[in-house]
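Asker: Structure supplied as structure08.cif; contents: mmCIF, C-alpha atoms and all ligand atoms.
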```cif
data_query
loop_
_atom_site.label_atom_id
_atom_site.label_comp_id
_atom_site.auth_asym_id
_atom_site.auth_seq_id
_atom_site.Cartn_x
_atom_site.Cartn_y
_atom_site.Cartn_z
CA MET A 1 12.09 -10.28 -16.21
CA THR A 2 8.81 -12.01 -15.43
CA GLN A 3 6.08 -10.46 -13.38
CA THR A 4 6.27 -13.21 -10.73
CA ASP A 5 9.90 -12.44 -9.95
CA PRO A 6 10.07 -12.45 -6.12
CA ASP A 7 12.50 -9.52 -6.26
CA ILE A 8 9.61 -7.32 -7.35
CA PHE A 9 8.33 -7.03 -3.76
CA GLY A 10 9.04 -4.39 -1.17
CA THR A 11 11.63 -2.08 -2.73
CA LYS A 12 11.30 1.00 -4.90
CA THR A 13 12.35 -0.02 -8.39
CA GLN A 14 12.02 1.33 -11.90
CA THR A 15 8.76 -0.28 -12.93
CA LEU A 16 6.61 -0.01 -16.02
CA ILE A 17 2.95 -0.81 -15.53
CA ARG A 18 1.36 -1.58 -18.87
CA ASN A 19 -1.84 -2.92 -20.34
CA ILE A 20 -4.02 -1.04 -17.87
CA ARG A 21 -6.95 1.36 -18.01
CA LEU A 22 -6.87 4.79 -16.43
CA ASP A 23 -10.15 6.75 -16.36
CA GLY A 24 -11.46 4.12 -18.78
CA LYS A 25 -8.72 4.64 -21.38
CA PRO A 26 -5.72 2.43 -22.24
CA ALA A 27 -2.65 3.65 -20.37
CA GLU A 28 0.81 2.94 -19.01
CA ILE A 29 2.47 4.25 -15.85
CA TYR A 30 6.18 4.50 -15.20
CA LEU A 31 7.72 4.58 -11.74
CA ASP A 32 11.33 5.73 -11.72
CA GLY A 33 12.36 4.24 -8.38
CA THR A 34 12.07 7.46 -6.40
CA GLY A 35 8.71 6.57 -4.88
CA ASN A 36 6.94 9.01 -7.17
CA ILE A 37 5.06 8.55 -10.43
CA ALA A 38 7.46 9.58 -13.23
CA SER A 39 5.15 9.45 -16.22
CA VAL A 40 1.68 8.46 -17.34
CA GLY A 41 0.62 8.05 -20.96
CA GLU A 42 -0.94 5.83 -23.54
CA LYS A 43 2.45 4.41 -24.50
CA ILE A 44 5.64 5.17 -22.53
CA LYS A 45 8.70 4.75 -24.73
CA ASP A 46 11.39 6.46 -22.73
CA HIS A 47 11.98 4.29 -19.68
CA ASP A 48 14.57 2.19 -17.93
CA ALA A 49 12.30 -0.41 -16.36
CA GLU A 50 13.77 -3.19 -14.29
CA PHE A 51 10.31 -4.72 -13.83
CA ILE A 52 7.31 -4.78 -16.08
CA ILE A 53 3.89 -5.34 -14.61
CA ASP A 54 1.32 -6.48 -17.17
CA GLY A 55 -2.07 -5.35 -15.88
CA ASN A 56 -4.00 -7.63 -18.28
CA GLY A 57 -6.64 -4.96 -18.70
CA ALA A 58 -6.82 -4.00 -15.01
CA THR A 59 -8.09 -0.60 -13.91
CA ALA A 60 -5.50 1.61 -12.20
CA LEU A 61 -6.78 3.64 -9.25
CA PRO A 62 -5.09 5.69 -6.55
CA GLY A 63 -4.58 3.62 -3.39
CA MET A 64 -7.45 3.95 -0.94
CA VAL A 65 -6.97 6.18 2.14
CA ASN A 66 -8.78 4.75 5.18
CA MET A 67 -9.25 7.80 7.40
CA HIS A 68 -10.57 6.19 10.58
CA ALA A 69 -9.20 2.92 11.87
CA HIS A 70 -8.18 1.12 15.06
CA SER A 71 -5.89 -1.38 13.36
CA PRO A 72 -5.11 -3.71 16.30
CA MET A 73 -8.87 -4.28 16.72
CA SER A 74 -8.61 -6.71 13.81
CA LEU A 75 -7.84 -9.21 16.59
CA LEU A 76 -11.41 -8.67 17.86
CA ARG A 77 -13.17 -9.16 14.52
CA GLY A 78 -16.37 -11.09 15.22
CA TYR A 79 -15.64 -11.30 18.95
CA SER A 80 -18.63 -9.21 19.93
CA ASP A 81 -21.37 -7.95 17.63
CA ASP A 82 -24.98 -6.80 17.55
CA MET A 83 -24.94 -4.55 20.62
CA PRO A 84 -25.50 -0.81 21.28
CA LEU A 85 -22.31 1.29 21.14
CA PHE A 86 -21.80 2.08 24.84
CA GLU A 87 -22.77 -1.37 26.08
CA TRP A 88 -20.46 -2.89 23.46
CA LEU A 89 -17.53 -0.63 24.44
CA SER A 90 -17.94 -0.87 28.20
CA THR A 91 -18.86 -4.54 28.64
CA LYS A 92 -16.93 -6.19 25.81
CA ILE A 93 -14.28 -4.07 24.14
CA TRP A 94 -12.67 -2.02 26.92
CA PRO A 95 -12.39 -4.97 29.36
CA THR A 96 -10.67 -7.01 26.62
CA GLU A 97 -8.41 -4.13 25.58
CA ALA A 98 -7.18 -3.94 29.19
CA HIS A 99 -5.37 -7.25 28.54
CA LEU A 100 -3.59 -6.22 25.33
CA THR A 101 0.17 -6.68 25.26
CA GLU A 102 2.66 -5.02 22.91
CA SER A 103 2.91 -8.25 20.97
CA ASP A 104 -0.91 -8.40 20.58
CA ILE A 105 -0.92 -4.84 19.24
CA TYR A 106 1.82 -5.70 16.76
CA TRP A 107 0.08 -8.84 15.45
CA GLY A 108 -3.31 -7.13 15.30
CA ALA A 109 -1.77 -4.32 13.25
CA LYS A 110 0.05 -6.86 11.05
CA LEU A 111 -3.30 -8.52 10.32
CA ALA A 112 -4.91 -5.15 9.57
CA CYS A 113 -2.07 -4.05 7.26
CA LEU A 114 -2.32 -7.37 5.44
CA GLU A 115 -6.06 -6.92 4.91
CA MET A 116 -5.62 -3.32 3.77
CA ILE A 117 -2.91 -4.21 1.26
CA ARG A 118 -5.04 -7.12 0.04
CA THR A 119 -8.02 -4.82 -0.53
CA GLY A 120 -6.19 -1.84 -2.04
CA THR A 121 -5.61 0.56 0.85
CA THR A 122 -2.22 2.29 0.83
CA THR A 123 -2.71 4.76 3.71
CA PHE A 124 -4.64 4.59 6.97
CA ASN A 125 -5.31 7.00 9.81
CA ASP A 126 -5.12 5.02 13.03
CA MET A 127 -6.08 5.71 16.65
CA TYR A 128 -5.12 3.23 19.35
CA PHE A 129 -2.62 2.36 22.08
CA MET A 130 1.07 1.26 22.03
CA MET A 131 1.47 2.91 18.65
CA ASN A 132 5.16 2.14 18.33
CA ASN A 133 4.15 -1.50 17.94
CA VAL A 134 1.68 -0.49 15.24
CA ALA A 135 4.51 1.49 13.62
CA GLU A 136 6.66 -1.63 13.56
CA ALA A 137 3.92 -3.46 11.64
CA VAL A 138 3.44 -0.51 9.27
CA ASP A 139 7.16 -0.27 8.69
CA GLU A 140 7.41 -3.95 7.76
CA ALA A 141 4.23 -4.01 5.66
CA GLY A 142 5.36 -1.09 3.48
CA ILE A 143 2.03 0.74 3.86
CA ARG A 144 1.61 4.42 4.87
CA ALA A 145 -0.09 5.53 8.11
CA CYS A 146 -0.83 8.38 10.44
CA LEU A 147 -0.58 6.91 13.95
CA SER A 148 -2.06 8.54 17.04
CA TYR A 149 -2.08 7.45 20.65
CA CYS A 150 -5.65 7.55 22.00
CA MET A 151 -5.98 9.63 25.16
CA ILE A 152 -8.77 8.65 27.58
CA ASP A 153 -8.54 10.46 30.96
CA GLY A 154 -12.13 10.07 32.15
CA GLY A 155 -11.92 13.43 33.93
CA ASP A 156 -9.19 12.18 36.31
CA HIS A 157 -6.35 14.72 36.65
CA GLU A 158 -3.70 12.14 37.57
CA LYS A 159 -4.70 10.00 34.59
CA PHE A 160 -4.59 13.12 32.42
CA GLU A 161 -0.97 13.77 33.40
CA LYS A 162 0.03 10.19 32.68
CA GLU A 163 -1.76 10.29 29.31
CA CYS A 164 0.09 13.49 28.32
CA SER A 165 3.42 11.90 28.98
CA VAL A 166 2.48 8.76 26.99
CA MET A 167 1.31 11.00 24.14
CA GLU A 168 4.57 12.99 24.14
CA LYS A 169 6.68 9.83 24.25
CA THR A 170 4.66 8.27 21.43
CA VAL A 171 5.11 11.25 19.13
CA ALA A 172 8.84 11.44 19.91
CA THR A 173 9.31 7.71 19.28
CA LEU A 174 7.39 7.79 16.01
CA LYS A 175 9.35 10.82 14.84
CA ALA A 176 12.63 9.13 15.76
CA ARG A 177 11.78 6.27 13.39
CA ALA A 178 12.29 8.84 10.59
CA ASN A 179 10.18 6.74 8.25
CA PRO A 180 8.51 9.02 5.68
CA ARG A 181 5.59 6.56 5.50
CA ILE A 182 4.76 7.12 9.19
CA ILE A 183 3.12 10.38 10.31
CA PRO A 184 2.58 10.95 14.05
CA GLY A 185 -0.74 12.34 15.24
CA VAL A 186 -2.57 13.00 18.52
CA SER A 187 -5.90 11.59 19.48
CA PRO A 188 -8.23 12.56 22.28
CA HIS A 189 -10.84 9.76 22.12
CA ALA A 190 -14.09 11.80 22.36
CA VAL A 191 -15.83 14.49 24.42
CA TYR A 192 -17.44 11.85 26.63
CA THR A 193 -14.10 10.23 27.63
CA VAL A 194 -11.68 13.20 27.72
CA SER A 195 -11.72 16.17 30.13
CA GLU A 196 -11.54 19.83 29.16
CA GLU A 197 -7.85 19.92 30.18
CA GLY A 198 -7.27 16.81 28.05
CA LEU A 199 -8.93 18.31 24.98
CA ARG A 200 -7.09 21.62 25.43
CA TRP A 201 -3.73 19.91 25.92
CA CYS A 202 -4.18 17.73 22.79
CA ALA A 203 -5.19 20.78 20.73
CA GLU A 204 -2.12 22.73 21.86
CA PHE A 205 0.20 19.77 21.37
CA SER A 206 -1.08 19.16 17.85
CA GLU A 207 -0.52 22.83 17.05
CA ARG A 208 2.95 22.88 18.56
CA GLU A 209 4.00 19.75 16.69
CA ASN A 210 1.98 20.67 13.60
CA ILE A 211 0.49 17.16 13.37
CA PRO A 212 -3.07 15.89 12.82
CA LEU A 213 -5.57 15.60 15.67
CA HIS A 214 -7.93 12.62 15.27
CA ILE A 215 -11.11 12.41 17.38
CA HIS A 216 -14.55 10.72 17.52
CA VAL A 217 -17.32 13.34 17.17
CA ASP A 218 -21.10 12.95 17.31
CA GLU A 219 -21.17 9.26 16.48
CA THR A 220 -24.35 8.86 18.52
CA ASP A 221 -26.14 12.00 19.67
CA GLU A 222 -23.59 13.32 22.16
CA ASN A 223 -25.24 16.76 22.25
CA PRO A 224 -27.80 16.45 25.08
CA ASP A 225 -25.11 15.26 27.55
CA CYS A 226 -22.64 17.90 26.36
CA ILE A 227 -25.23 20.65 26.74
CA LYS A 228 -26.03 19.37 30.25
CA ALA A 229 -22.35 19.31 31.25
CA HIS A 230 -21.02 22.39 29.46
CA GLY A 231 -24.03 24.32 28.16
CA MET A 232 -22.89 23.85 24.56
CA ARG A 233 -23.29 21.44 21.66
CA VAL A 234 -20.33 19.13 20.98
CA ALA A 235 -19.02 21.17 18.04
CA GLN A 236 -19.08 24.40 20.10
CA TRP A 237 -17.47 22.67 23.08
CA LEU A 238 -14.64 21.36 20.88
CA ASP A 239 -14.15 24.84 19.45
CA HIS A 240 -14.19 26.32 22.96
CA CYS A 241 -11.37 23.88 23.87
CA GLY A 242 -9.37 24.87 20.76
CA VAL A 243 -9.76 21.48 19.06
CA LEU A 244 -11.26 22.62 15.76
CA SER A 245 -8.66 23.57 13.15
CA ASN A 246 -7.43 22.42 9.77
CA ARG A 247 -5.41 19.74 11.59
CA CYS A 248 -8.57 18.25 13.10
CA ILE A 249 -9.91 14.99 11.63
CA ALA A 250 -13.35 14.26 13.07
CA ALA A 251 -14.69 10.72 12.69
CA HIS A 252 -18.43 9.92 12.36
CA CYS A 253 -20.04 13.40 12.74
CA CYS A 254 -23.52 11.95 12.18
CA TRP A 255 -25.28 14.45 14.46
CA LEU A 256 -23.84 17.75 13.24
CA ASP A 257 -26.50 20.43 12.72
CA ALA A 258 -26.36 23.39 10.31
CA ASP A 259 -24.49 25.64 12.79
CA ASP A 260 -21.99 22.87 13.59
CA ILE A 261 -21.36 22.39 9.86
CA ARG A 262 -20.74 26.10 9.37
CA LEU A 263 -18.28 26.04 12.29
CA PHE A 264 -16.47 22.99 10.85
CA ALA A 265 -16.26 24.71 7.46
CA ASP A 266 -14.91 27.93 9.02
CA ARG A 267 -12.25 26.04 10.98
CA GLY A 268 -11.23 23.80 8.04
CA VAL A 269 -12.03 20.55 9.89
CA THR A 270 -11.90 17.27 7.92
CA VAL A 271 -14.80 14.88 8.46
CA VAL A 272 -14.63 11.09 8.15
CA HIS A 273 -17.70 9.15 7.02
CA ASN A 274 -17.91 5.64 8.53
CA PRO A 275 -21.12 4.30 7.00
CA VAL A 276 -20.76 0.56 7.74
CA SER A 277 -19.85 1.02 11.42
CA ASN A 278 -22.61 3.65 11.79
CA MET A 279 -25.24 1.36 10.37
CA LYS A 280 -24.05 -1.71 12.28
CA LEU A 281 -24.08 0.19 15.60
CA SER A 282 -27.30 1.96 14.59
CA VAL A 283 -26.14 5.40 15.63
CA GLY A 284 -29.46 6.89 14.56
CA ARG A 285 -28.56 9.22 11.73
CA ALA A 286 -26.42 9.26 8.58
CA LEU A 287 -23.66 11.80 8.05
CA PRO A 288 -25.24 15.06 6.76
CA TYR A 289 -23.12 14.74 3.62
CA PRO A 290 -25.15 17.01 1.30
CA GLU A 291 -24.86 19.91 3.75
CA LEU A 292 -21.17 19.26 4.44
CA LYS A 293 -20.50 19.22 0.71
CA ALA A 294 -22.46 22.44 0.19
CA ALA A 295 -20.44 24.08 2.98
CA GLY A 296 -17.17 23.00 1.34
CA VAL A 297 -16.05 20.69 4.17
CA ASN A 298 -13.41 18.09 3.20
CA VAL A 299 -15.23 14.74 3.58
CA THR A 300 -13.21 11.52 3.68
CA LEU A 301 -13.97 7.84 4.25
CA GLY A 302 -13.04 5.30 6.92
CA THR A 303 -13.93 1.80 8.06
CA ASP A 304 -13.55 2.19 11.85
CA GLY A 305 -12.12 -0.88 13.60
CA ALA A 306 -12.65 -4.41 12.33
CA SER A 307 -14.75 -5.18 15.40
CA SER A 308 -17.47 -2.74 14.38
CA ASN A 309 -17.36 -3.09 10.57
CA ASN A 310 -16.16 -6.01 10.42
CA ASP A 311 -13.67 -5.59 7.57
CA LEU A 312 -11.26 -2.92 6.37
CA ASP A 313 -12.29 -3.07 2.71
CA MET A 314 -12.62 0.48 1.39
CA PHE A 315 -14.42 -0.76 -1.74
CA GLY A 316 -17.30 -2.04 0.38
CA GLU A 317 -17.12 1.24 2.30
CA MET A 318 -17.37 3.36 -0.88
CA LYS A 319 -20.44 1.49 -2.06
CA THR A 320 -22.05 1.69 1.36
CA ALA A 321 -21.31 5.42 1.66
CA ALA A 322 -22.86 6.15 -1.72
CA ILE A 323 -25.98 4.03 -1.22
CA LEU A 324 -26.53 5.03 2.41
CA GLN A 325 -26.38 8.71 1.47
CA LYS A 326 -28.81 8.23 -1.41
CA PHE A 327 -31.20 6.21 0.75
CA PHE A 328 -31.09 8.29 3.93
CA TRP A 329 -31.58 11.63 2.16
CA ASN A 330 -33.88 10.03 -0.42
CA ASP A 331 -32.01 11.33 -3.48
CA PRO A 332 -30.19 8.99 -5.90
CA THR A 333 -28.08 11.85 -7.28
CA ILE A 334 -26.21 12.28 -3.99
CA MET A 335 -22.56 11.08 -3.97
CA PRO A 336 -22.07 9.75 -7.52
CA ALA A 337 -19.43 7.03 -8.01
CA SER A 338 -16.61 9.39 -9.01
CA GLU A 339 -17.24 11.48 -5.88
CA ALA A 340 -17.17 8.37 -3.67
CA LEU A 341 -13.80 7.47 -5.19
CA THR A 342 -12.38 10.95 -4.52
CA ILE A 343 -13.69 10.85 -0.96
CA ALA A 344 -12.00 7.47 -0.47
CA SER A 345 -8.62 8.51 -1.84
CA ARG A 346 -7.66 12.10 -2.69
CA ASN A 347 -9.61 13.79 0.11
CA GLY A 348 -7.96 11.64 2.79
CA ALA A 349 -4.49 12.22 1.35
CA LYS A 350 -5.15 15.98 1.38
CA ALA A 351 -6.19 15.90 5.02
CA LEU A 352 -2.98 14.09 6.00
CA GLY A 353 -0.81 16.37 3.86
CA ILE A 354 0.24 13.48 1.61
CA ASN A 355 0.87 14.15 -2.07
CA ALA A 356 -1.17 11.12 -3.17
CA GLY A 357 -4.64 10.16 -4.35
CA VAL A 358 -4.04 11.18 -7.97
CA ILE A 359 -2.35 9.14 -10.70
CA ALA A 360 -0.22 11.80 -12.40
CA PRO A 361 3.50 12.60 -12.67
CA GLY A 362 4.98 13.99 -9.45
CA PHE A 363 2.43 12.35 -7.15
CA LEU A 364 3.46 9.55 -4.78
CA ALA A 365 3.33 6.12 -6.42
CA ASP A 366 0.48 4.83 -4.23
CA ILE A 367 -1.38 2.89 -6.90
CA ILE A 368 -3.65 -0.15 -7.05
CA LEU A 369 -4.78 -2.30 -9.95
CA VAL A 370 -8.30 -3.69 -9.94
CA GLY A 371 -8.13 -6.86 -12.01
CA LYS A 372 -10.34 -7.64 -14.97
CA THR A 373 -12.77 -10.09 -13.40
CA VAL A 374 -16.48 -10.95 -13.09
CA THR A 375 -17.36 -7.83 -11.13
CA THR A 376 -15.53 -5.45 -13.47
CA THR A 377 -17.03 -6.76 -16.74
CA PRO A 378 -18.27 -5.16 -18.93
CA ALA A 379 -16.16 -2.04 -18.51
CA PHE A 380 -18.68 0.60 -19.60
CA ASN A 381 -17.60 2.69 -16.67
CA THR A 382 -14.57 1.57 -14.66
CA THR A 383 -15.32 4.01 -11.83
CA SER A 384 -18.87 2.73 -11.51
CA ASN A 385 -17.56 -0.85 -11.43
CA ALA A 386 -14.98 0.05 -8.76
CA VAL A 387 -17.55 1.74 -6.49
CA TYR A 388 -20.75 -0.20 -7.10
CA ALA A 389 -19.78 -3.65 -8.36
CA THR A 390 -16.56 -4.93 -6.94
CA SER A 391 -15.04 -5.72 -3.57
CA GLY A 392 -11.46 -5.02 -2.58
CA LEU A 393 -10.66 -8.69 -3.23
CA ALA A 394 -10.64 -7.82 -6.94
CA VAL A 395 -7.54 -5.68 -6.34
CA ASP A 396 -4.63 -7.73 -7.65
CA THR A 397 -1.73 -5.31 -7.31
CA THR A 398 -0.99 -2.81 -4.53
CA ILE A 399 1.90 -0.37 -4.79
CA CYS A 400 2.83 2.05 -2.01
CA ASP A 401 5.64 4.60 -2.10
CA GLY A 402 6.77 3.09 -5.40
CA ALA A 403 7.20 -0.39 -3.91
CA VAL A 404 5.07 -3.39 -4.91
CA LEU A 405 3.38 -4.81 -1.80
CA MET A 406 1.02 -7.23 -3.57
CA HIS A 407 1.08 -8.64 -7.05
CA GLU A 408 -1.44 -11.07 -8.59
CA GLY A 409 -3.07 -11.27 -5.16
CA PHE A 410 0.16 -12.52 -3.58
CA ILE A 411 1.64 -10.82 -0.50
CA PRO A 412 4.89 -12.27 0.84
CA GLY A 413 4.51 -13.53 4.43
CA ALA A 414 0.68 -13.49 4.41
CA GLU A 415 0.25 -17.05 5.67
CA GLU A 416 2.44 -16.55 8.72
CA ILE A 417 0.52 -13.40 9.66
CA LEU A 418 -2.83 -15.18 9.43
CA ALA A 419 -1.66 -18.15 11.49
CA LYS A 420 0.04 -16.07 14.17
CA SER A 421 -2.71 -13.44 14.55
CA GLU A 422 -5.30 -16.21 14.88
CA ARG A 423 -3.37 -17.69 17.82
CA VAL A 424 -2.75 -14.28 19.39
CA ALA A 425 -6.45 -13.34 19.17
CA PHE A 426 -7.68 -16.53 20.84
CA ASP A 427 -5.06 -16.23 23.55
CA LEU A 428 -6.07 -12.61 24.26
CA VAL A 429 -9.74 -13.51 24.63
CA ARG A 430 -8.86 -16.51 26.81
CA ARG A 431 -6.90 -14.22 29.18
CA ALA A 432 -9.60 -11.54 29.14
CA THR A 433 -12.43 -13.95 29.98
CA ALA A 434 -10.51 -16.14 32.49
C1 LIG B 501 -9.23 3.83 20.39
C2 LIG B 501 -10.34 3.50 21.31
O1 LIG B 501 -11.58 3.70 20.61
C3 LIG B 501 -12.42 2.59 20.84
N1 LIG B 501 -13.43 2.45 19.80
C4 LIG B 501 -13.52 1.49 18.85
N2 LIG B 501 -14.60 1.67 18.10
C5 LIG B 501 -15.22 2.78 18.57
C6 LIG B 501 -16.40 3.49 18.21
N3 LIG B 501 -17.16 3.09 17.20
N4 LIG B 501 -16.74 4.57 18.94
C7 LIG B 501 -15.98 4.97 19.99
N5 LIG B 501 -14.86 4.35 20.36
C8 LIG B 501 -14.48 3.27 19.67
C9 LIG B 501 -11.46 1.44 20.90
O2 LIG B 501 -12.05 0.30 21.46
C10 LIG B 501 -10.34 2.03 21.74
O3 LIG B 501 -10.62 1.94 23.11
ZN ZN B 502 -13.59 4.71 15.97
#
```
Could you spell out this file's structure in structure tokens?

Answerer:
Amino acid sequence: MTQTDPDIFGTKTQTLIRNIRLDGKPAEIYLDGTGNIASVGEKIKDHDAEFIIDGNGATALPGMVNMHAHSPMSLLRGYSDDMPLFEWLSTKIWPTEAHLTESDIYWGAKLACLEMIRTGTTTFNDMYFMMNNVAEAVDEAGIRACLSYCMIDGGDHEKFEKECSVMEKTVATLKARANPRIIPGVSPHAVYTVSEEGLRWCAEFSERENIPLHIHVDETDENPDCIKAHGMRVAQWLDHCGVLSNRCIAAHCCWLDADDIRLFADRGVTVVHNPVSNMKLSVGRALPYPELKAAGVNVTLGTDGASSNNDLDMFGEMKTAAILQKFFWNDPTIMPASEALTIASRNGAKALGINAGVIAPGFLADIILVGKTVTTTPAFNTTSNAVYATSGLAVDTTICDGAVLMHEGFIPGAEEILAKSERVAFDLVRRATA
């Protein structure tokens, strides 16, 4: 069996991965076709491999977990840049999103899944609209995702009622797919776009269904407006509405203060750092990571949409997170490479309740191989190279749920997805600007 055998793609098979490095040491990994890692060791003798992947000295890492994305926004990559957040959303993004069709959503998500597989992401936490079309793309791509419909009611009660019914239908439809790689979630957009009844309803629904709640929090300083409207800071207001719990995944969180951080720690909230998007949109402050870490808050990593990043490469995101934190808080010891890697993989998996992010027997076989190449040589420290030196394009093999999705940089069907999403994106913008 050669490693370029086309049968290797897309199905769980008994696979031996050899000639790799794990934590800097020579290793082999055996997948027994169940979707889990069966064994890890220096030399695996007892196996029944149908396929053998020769890593040629590659570094094995857990697949990246991108904890804040808007996958269909890959269609709007480079469409509108270099503007302040609210002007960008209200004059460029929202008017264009009003023209999105189900087919656009599907092709945008296909493009995003392709990029994530190419750059070593095996799970993403997504917030957008028409999520069943995103699910279709996720299903076909073989990647793992938590998918949430984004509620925006703008304080309008009629709109609120409509949004609740879309949210309920979305969760039911996603559940009915019965795909273990797809987790439904709920997503009120933010405190400045969702009413009190909207926030409360989402919190109760997420509790009832026992599914994650994904929300934008304190990206820019939302506190003065929140205090004016409700007499409380954003974190307190969310708590007042029942939103803060261990199901809550809060993206951005740049403007949390010490009391907010204590509240998040008490409630078991997960925070997502989005350093590239935050810097590009100049939100004014970096995530208070040192204080969150000291308080024991689970911190994860995300790219945000491809129209504010503008890529979905978690390797670039890890490096940016580590160097932004060091620079902003003026301390080079903050977020060492191994911590950045944990934040980008294990911590996200934990927040979504996925048994992944660790390469050890019994964990899900969500594994990537970073090839031996210019940016990973010399291999004094493979973790340092992964975080500080290489981009996701050095990933040459991506495995999710025990199935090979990319090998030697090749992903079946990639060319069609690029060609079609290119056409779909231009057509969308033509309609939106007509
Ligand atoms: C899911 C919804 O969130 C919007 N969206 C995309 N990027 C951001 C951001 N940085 N902050 C707030 N909202 C955002 C999308 O454009 C969509 O309307
Ligand atoms: Zn976002």

Asker: Excluding segment 369-384 of chain A and its own-chain neighbours fewer than 5 positions away, which residues fall within 9 Å of it when counting all atoms listed in the file? Please give them as a PyMOL selection string.

Answerer: chain A and resi 20-24+55-63+120+336-338+341+389-399+408

Asker: Ligand ZN 502 (chain B): which residues are within 8 Å, counting all atoms listed in the file? Reply as a PDB file with C-alpha atoms, in the frame of the given file.

Answerer:
```
ATOM      1  CA  HIS A  68     -10.570   6.190  10.580  1.00  0.00           C
ATOM      2  CA  ALA A  69      -9.200   2.920  11.870  1.00  0.00           C
ATOM      3  CA  HIS A  70      -8.180   1.120  15.060  1.00  0.00           C
ATOM      4  CA  MET A 127      -6.080   5.710  16.650  1.00  0.00           C
ATOM      5  CA  HIS A 216     -14.550  10.720  17.520  1.00  0.00           C
ATOM      6  CA  ALA A 251     -14.690  10.720  12.690  1.00  0.00           C
ATOM      7  CA  HIS A 252     -18.430   9.920  12.360  1.00  0.00           C
ATOM      8  CA  ASP A 304     -13.550   2.190  11.850  1.00  0.00           C
ATOM      9  CA  GLY A 305     -12.120  -0.880  13.600  1.00  0.00           C
TER      10      GLY A 305
END
```

Asker: Would you mind listing what lies within 7 Å of Met73 of chain A as a ChimeraX atom specification, with only C-alpha atoms counted and same-chain residues fewer than 3 positions away left out?

Answerer: /A:70,76-77,108,305-307

Asker: Show me which residues are within 7 Å of ligand LIG 501 (chain B) counting all atoms listed in the file, and format the list as JSON, numbers by chain.

Answerer: {"A": [70, 85, 89, 93, 94, 97, 127, 128, 129, 150, 189, 216, 219, 277, 304, 305, 308]}

Asker: Within 12 Å of Met67 of chain A, counting only C-alpha atoms, which residues show up once you throw out same-chain ones fewer than 5 positions away? Write them as a short mmCIF file (atom, residue, chain, number, x, y, z; two decimals) with C-alpha atoms, in the frame of the given file, please.

Answerer:
```cif
data_model
loop_
_atom_site.label_atom_id
_atom_site.label_comp_id
_atom_site.auth_asym_id
_atom_site.auth_seq_id
_atom_site.Cartn_x
_atom_site.Cartn_y
_atom_site.Cartn_z
CA THR A 121 -5.61 0.56 0.85
CA THR A 122 -2.22 2.29 0.83
CA THR A 123 -2.71 4.76 3.71
CA PHE A 124 -4.64 4.59 6.97
CA ASN A 125 -5.31 7.00 9.81
CA ASP A 126 -5.12 5.02 13.03
CA MET A 127 -6.08 5.71 16.65
CA ARG A 144 1.61 4.42 4.87
CA ALA A 145 -0.09 5.53 8.11
CA CYS A 146 -0.83 8.38 10.44
CA LEU A 147 -0.58 6.91 13.95
CA PRO A 212 -3.07 15.89 12.82
CA LEU A 213 -5.57 15.60 15.67
CA HIS A 214 -7.93 12.62 15.27
CA ILE A 215 -11.11 12.41 17.38
CA HIS A 216 -14.55 10.72 17.52
CA CYS A 248 -8.57 18.25 13.10
CA ILE A 249 -9.91 14.99 11.63
CA ALA A 250 -13.35 14.26 13.07
CA ALA A 251 -14.69 10.72 12.69
CA HIS A 252 -18.43 9.92 12.36
CA THR A 270 -11.90 17.27 7.92
CA VAL A 271 -14.80 14.88 8.46
CA VAL A 272 -14.63 11.09 8.15
CA HIS A 273 -17.70 9.15 7.02
CA ASN A 274 -17.91 5.64 8.53
CA ASN A 298 -13.41 18.09 3.20
CA VAL A 299 -15.23 14.74 3.58
CA THR A 300 -13.21 11.52 3.68
CA LEU A 301 -13.97 7.84 4.25
CA GLY A 302 -13.04 5.30 6.92
CA THR A 303 -13.93 1.80 8.06
CA ASP A 304 -13.55 2.19 11.85
CA GLY A 305 -12.12 -0.88 13.60
CA LEU A 312 -11.26 -2.92 6.37
CA MET A 314 -12.62 0.48 1.39
CA GLU A 317 -17.12 1.24 2.30
CA ILE A 343 -13.69 10.85 -0.96
CA ALA A 344 -12.00 7.47 -0.47
CA SER A 345 -8.62 8.51 -1.84
CA ARG A 346 -7.66 12.10 -2.69
CA ASN A 347 -9.61 13.79 0.11
CA GLY A 348 -7.96 11.64 2.79
CA ALA A 349 -4.49 12.22 1.35
CA LYS A 350 -5.15 15.98 1.38
CA ALA A 351 -6.19 15.90 5.02
CA LEU A 352 -2.98 14.09 6.00
#
```

Asker: For each of A:Asp331, A:Glu415, A:Glu168, A:Glu161, take the minimum atom-to-atom distance to Ser148 of chain A, counting only C-alpha atoms, then give the residue where this is smallest.

Answerer: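 Residue with the minimum atom-to-atom distance to Ser148 of chain A: A:Glu168.
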
Asker: Show me, as a list in words, the residues that have an atom within 8 Å of Thr15 of chain A when counting only C-alpha atoms, minus same-chain residues fewer than 6 positions from it.

Answerer: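 The residues that qualify are Tyr30, Leu31, Asp32, Gly33, Ala49, Glu50, Phe51, Ile52 and Ile53 of chain A.
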
Asker: With C-alpha atoms retained, write the just-selected residues as a short mmCIF file (atom, residue, chain, number, x, y, z; two decimals), in the coordinates of the input.

Answerer:
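Written output follows (out.cif):
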```
data_model
loop_
_atom_site.label_atom_id
_atom_site.label_comp_id
_atom_site.auth_asym_id
_atom_site.auth_seq_id
_atom_site.Cartn_x
_atom_site.Cartn_y
_atom_site.Cartn_z
CA TYR A 30 6.18 4.50 -15.20
CA LEU A 31 7.72 4.58 -11.74
CA ASP A 32 11.33 5.73 -11.72
CA GLY A 33 12.36 4.24 -8.38
CA ALA A 49 12.30 -0.41 -16.36
CA GLU A 50 13.77 -3.19 -14.29
CA PHE A 51 10.31 -4.72 -13.83
CA ILE A 52 7.31 -4.78 -16.08
CA ILE A 53 3.89 -5.34 -14.61
#
```
